Amino acid sequence: MQQQQGEFQQAFRGTFSGVLRWEQLDALWARLRADAHGWYLYAIGEPPPADTVEEPVLVRFIEEIDALLRREHQEDYCGIVYVDDPQSPTLVKIFDPNNLGVSCGYSDNPPLPGWILSRLPPSDLQAPMPQPGNRRRWWQRMFAS
């Protein structure tokens with residue numbers, strides 16, 4: 001498990017491409033839907049998931065996060081989603097439109113995204129503050145039976 005956590009940390013700190021246009025985000029979602037097995041969904045501030053999600057959960061998450069981003073990031077560009085490899089993604093960082101801080105640029109301590117989709121089991125990224133109540137409820141609703 002320690003090795004997997006190290007792999008996740010290394011991947012998380014790796015090189016990412018920004019999804020700048022909404023059309024690029026649509027293409028990313030299509031790639032994820034086409035290969036919807038083996039993904040971990042992680043909301044920063046919640047405990048890291050131990051298991052991957054089933055395809056219907058991933059598809060629902062994509063639909064809901066897409067609606068949230070388009071509703072709350074009212075720009076003609078996306079720019080708040082980052083992917084390790086746009087053609088063959090294995091790690092996607094999604095920044096919360098209501099808690100952006102400085103999501104671009106470089107620093108030794110970059111801001112954390114709101115949500116992560118990963119092929120590797122995530123390790124706890126230790127959010128500096130808990131998620132706002134509305135985001136927690138939104139996330140928990142994703143997994144309600």
# chains A, B, ... in the order shown; residues from 1 in each chain; ligands from 1
call {"tool": "residues_around", "arguments": {"residues": "stretch 84-98 of chain A", "least_positions_apart": "2", "cutoff": "9 Å", "atoms": "only C-alpha atoms", "output": "PyMOL selection string"}}
result
chain A and resi 11-12+14-19+24+27-28+31-32+39+65+68-69+72-74+80-82+100-101+103+112-120
call {"tool": "select_by_dssp", "arguments": {"residues": "stretch 7-127 of chain A", "states": "helix (DSSP H, G or I)", "output": "VMD selection string"}}
result
chain A and resid 7 to 12 22 to 34 55 to 72
call {"tool": "residues_around", "arguments": {"residues": "stretch 48-52 of chain A", "least_positions_apart": "6", "cutoff": "8 Å", "atoms": "only C-alpha atoms", "output": "PyMOL selection string"}}
result
chain A and resi 37-42+121-124
call {"tool": "select_by_dssp", "arguments": {"residues": "chain A", "states": "strand (DSSP E)", "output": "number ranges by chain"}}
result
A: 17-19, 40-43, 81-83, 91-94, 115-118
call {"tool": "write_last_selection", "arguments": {"atoms": "C-alpha atoms", "output": "PDB file, in the first residue's frame"}}
result
ATOM      1  CA  SER A  17      -2.424  19.699 -19.284  1.00  0.00           C
ATOM      2  CA  GLY A  18      -5.119  22.256 -18.693  1.00  0.00           C
ATOM      3  CA  VAL A  19      -8.506  21.626 -20.246  1.00  0.00           C
ATOM      4  CA  TYR A  40     -11.257   6.059  -8.018  1.00  0.00           C
ATOM      5  CA  LEU A  41     -13.292   9.172  -7.173  1.00  0.00           C
ATOM      6  CA  TYR A  42     -11.807  11.291  -4.430  1.00  0.00           C
ATOM      7  CA  ALA A  43     -13.198  14.464  -2.905  1.00  0.00           C
ATOM      8  CA  VAL A  81      -9.754  20.849 -15.035  1.00  0.00           C
ATOM      9  CA  TYR A  82      -6.305  19.333 -15.517  1.00  0.00           C
ATOM     10  CA  VAL A  83      -5.415  15.923 -16.922  1.00  0.00           C
ATOM     11  CA  LEU A  91      -5.445  11.192 -13.366  1.00  0.00           C
ATOM     12  CA  VAL A  92      -7.799  14.176 -13.550  1.00  0.00           C
ATOM     13  CA  LYS A  93      -7.798  17.148 -11.171  1.00  0.00           C
ATOM     14  CA  ILE A  94     -11.000  19.198 -10.956  1.00  0.00           C
ATOM     15  CA  TRP A 115     -12.036  16.383  -6.774  1.00  0.00           C
ATOM     16  CA  ILE A 116      -9.750  13.795  -8.320  1.00  0.00           C
ATOM     17  CA  LEU A 117     -10.407  10.923 -10.690  1.00  0.00           C
ATOM     18  CA  SER A 118      -7.535   8.459 -10.607  1.00  0.00           C
TER      19      SER A 118
END
call {"tool": "atom_distance", "arguments": {"atom1": "atom CA of A:Arg60", "atom2": "atom CA of A:Gln140"}}
result
13.0 Å
call {"tool": "decode", "arguments": {"residues": "stretch 57-101 of chain A", "atoms": "N, CA and C atoms", "output": "short mmCIF file (atom, residue, chain, number, x, y, z; two decimals), in the first residue's frame"}}
result
data_model
loop_
_atom_site.label_atom_id
_atom_site.label_comp_id
_atom_site.auth_asym_id
_atom_site.auth_seq_id
_atom_site.Cartn_x
_atom_site.Cartn_y
_atom_site.Cartn_z
N VAL A 57 -21.76 4.93 -11.44
CA VAL A 57 -21.38 5.99 -10.50
C VAL A 57 -20.45 6.98 -11.18
N LEU A 58 -19.49 6.48 -11.95
CA LEU A 58 -18.58 7.37 -12.66
C LEU A 58 -19.35 8.24 -13.66
N VAL A 59 -20.24 7.62 -14.42
CA VAL A 59 -21.03 8.36 -15.41
C VAL A 59 -21.88 9.42 -14.72
N ARG A 60 -22.50 9.07 -13.61
CA ARG A 60 -23.31 10.05 -12.87
C ARG A 60 -22.43 11.19 -12.36
N PHE A 61 -21.25 10.86 -11.82
CA PHE A 61 -20.34 11.89 -11.35
C PHE A 61 -19.98 12.84 -12.49
N ILE A 62 -19.64 12.29 -13.64
CA ILE A 62 -19.27 13.11 -14.79
C ILE A 62 -20.42 14.05 -15.15
N GLU A 63 -21.63 13.52 -15.20
CA GLU A 63 -22.78 14.36 -15.54
C GLU A 63 -22.98 15.47 -14.51
N GLU A 64 -22.88 15.13 -13.24
CA GLU A 64 -23.13 16.12 -12.19
C GLU A 64 -22.00 17.14 -12.06
N ILE A 65 -20.74 16.69 -12.17
CA ILE A 65 -19.64 17.64 -12.04
C ILE A 65 -19.61 18.56 -13.27
N ASP A 66 -19.96 18.03 -14.44
CA ASP A 66 -20.02 18.85 -15.63
C ASP A 66 -21.07 19.95 -15.46
N ALA A 67 -22.24 19.58 -14.97
CA ALA A 67 -23.30 20.57 -14.75
C ALA A 67 -22.87 21.61 -13.72
N LEU A 68 -22.23 21.16 -12.64
CA LEU A 68 -21.76 22.07 -11.60
C LEU A 68 -20.73 23.05 -12.16
N LEU A 69 -19.76 22.54 -12.92
CA LEU A 69 -18.72 23.40 -13.47
C LEU A 69 -19.30 24.44 -14.43
N ARG A 70 -20.19 24.02 -15.28
CA ARG A 70 -20.77 24.95 -16.27
C ARG A 70 -21.68 25.98 -15.60
N ARG A 71 -22.36 25.56 -14.55
CA ARG A 71 -23.27 26.47 -13.83
C ARG A 71 -22.49 27.48 -12.99
N GLU A 72 -21.44 27.03 -12.31
CA GLU A 72 -20.76 27.88 -11.33
C GLU A 72 -19.49 28.55 -11.84
N HIS A 73 -18.94 28.07 -12.94
CA HIS A 73 -17.76 28.70 -13.55
C HIS A 73 -18.25 29.38 -14.82
N GLN A 74 -18.85 30.51 -14.66
CA GLN A 74 -19.54 31.17 -15.77
C GLN A 74 -18.56 31.97 -16.63
N GLU A 75 -17.73 31.23 -17.31
CA GLU A 75 -16.75 31.81 -18.22
C GLU A 75 -16.93 31.14 -19.58
N ASP A 76 -16.40 31.73 -20.61
CA ASP A 76 -16.48 31.11 -21.93
C ASP A 76 -15.34 30.11 -22.16
N TYR A 77 -14.58 29.86 -21.13
CA TYR A 77 -13.51 28.86 -21.16
C TYR A 77 -13.63 27.99 -19.91
N CYS A 78 -13.00 26.83 -19.95
CA CYS A 78 -13.02 25.93 -18.79
C CYS A 78 -11.85 26.32 -17.89
N GLY A 79 -10.67 25.74 -18.09
CA GLY A 79 -9.48 26.16 -17.39
C GLY A 79 -9.38 25.75 -15.92
N ILE A 80 -10.29 24.91 -15.43
CA ILE A 80 -10.22 24.49 -14.02
C ILE A 80 -10.16 22.97 -13.89
N VAL A 81 -9.93 22.30 -15.02
CA VAL A 81 -9.75 20.85 -15.03
C VAL A 81 -8.40 20.59 -15.66
N TYR A 82 -7.64 19.68 -15.04
CA TYR A 82 -6.30 19.33 -15.52
C TYR A 82 -6.21 17.82 -15.64
N VAL A 83 -5.52 17.35 -16.67
CA VAL A 83 -5.41 15.92 -16.92
C VAL A 83 -3.96 15.57 -17.23
N ASP A 84 -3.55 14.39 -16.76
CA ASP A 84 -2.16 13.98 -16.99
C ASP A 84 -1.89 13.68 -18.45
N ASP A 85 -2.83 13.08 -19.15
CA ASP A 85 -2.67 12.76 -20.57
C ASP A 85 -4.04 12.89 -21.24
N PRO A 86 -4.26 13.94 -21.99
CA PRO A 86 -5.59 14.16 -22.58
C PRO A 86 -6.07 13.01 -23.47
N GLN A 87 -5.16 12.30 -24.12
CA GLN A 87 -5.56 11.21 -25.01
C GLN A 87 -5.77 9.89 -24.28
N SER A 88 -5.07 9.71 -23.18
CA SER A 88 -5.18 8.46 -22.41
C SER A 88 -5.09 8.80 -20.92
N PRO A 89 -6.14 9.42 -20.38
CA PRO A 89 -6.08 9.93 -19.00
C PRO A 89 -6.00 8.82 -17.95
N THR A 90 -5.19 9.11 -16.92
CA THR A 90 -5.15 8.23 -15.75
C THR A 90 -5.33 9.02 -14.46
N LEU A 91 -5.24 10.35 -14.54
CA LEU A 91 -5.44 11.19 -13.37
C LEU A 91 -6.01 12.54 -13.82
N VAL A 92 -7.12 12.93 -13.20
CA VAL A 92 -7.80 14.18 -13.55
C VAL A 92 -8.00 14.97 -12.27
N LYS A 93 -7.59 16.24 -12.30
CA LYS A 93 -7.80 17.15 -11.17
C LYS A 93 -8.90 18.14 -11.57
N ILE A 94 -9.89 18.27 -10.70
CA ILE A 94 -11.00 19.20 -10.96
C ILE A 94 -11.03 20.20 -9.81
N PHE A 95 -10.85 21.47 -10.16
CA PHE A 95 -10.86 22.51 -9.15
C PHE A 95 -12.27 23.03 -8.95
N ASP A 96 -12.60 23.34 -7.71
CA ASP A 96 -13.92 23.84 -7.34
C ASP A 96 -14.04 25.29 -7.81
N PRO A 97 -15.03 25.60 -8.65
CA PRO A 97 -15.16 26.97 -9.15
C PRO A 97 -15.38 28.01 -8.05
N ASN A 98 -15.86 27.57 -6.88
CA ASN A 98 -16.08 28.51 -5.78
C ASN A 98 -14.92 28.58 -4.82
N ASN A 99 -13.82 27.87 -5.13
CA ASN A 99 -12.66 27.87 -4.24
C ASN A 99 -11.41 27.72 -5.09
N LEU A 100 -11.22 28.64 -6.03
CA LEU A 100 -10.13 28.50 -6.97
C LEU A 100 -8.78 28.92 -6.42
N GLY A 101 -8.73 29.98 -5.65
CA GLY A 101 -7.42 30.47 -5.24
C GLY A 101 -6.60 30.71 -6.49
#
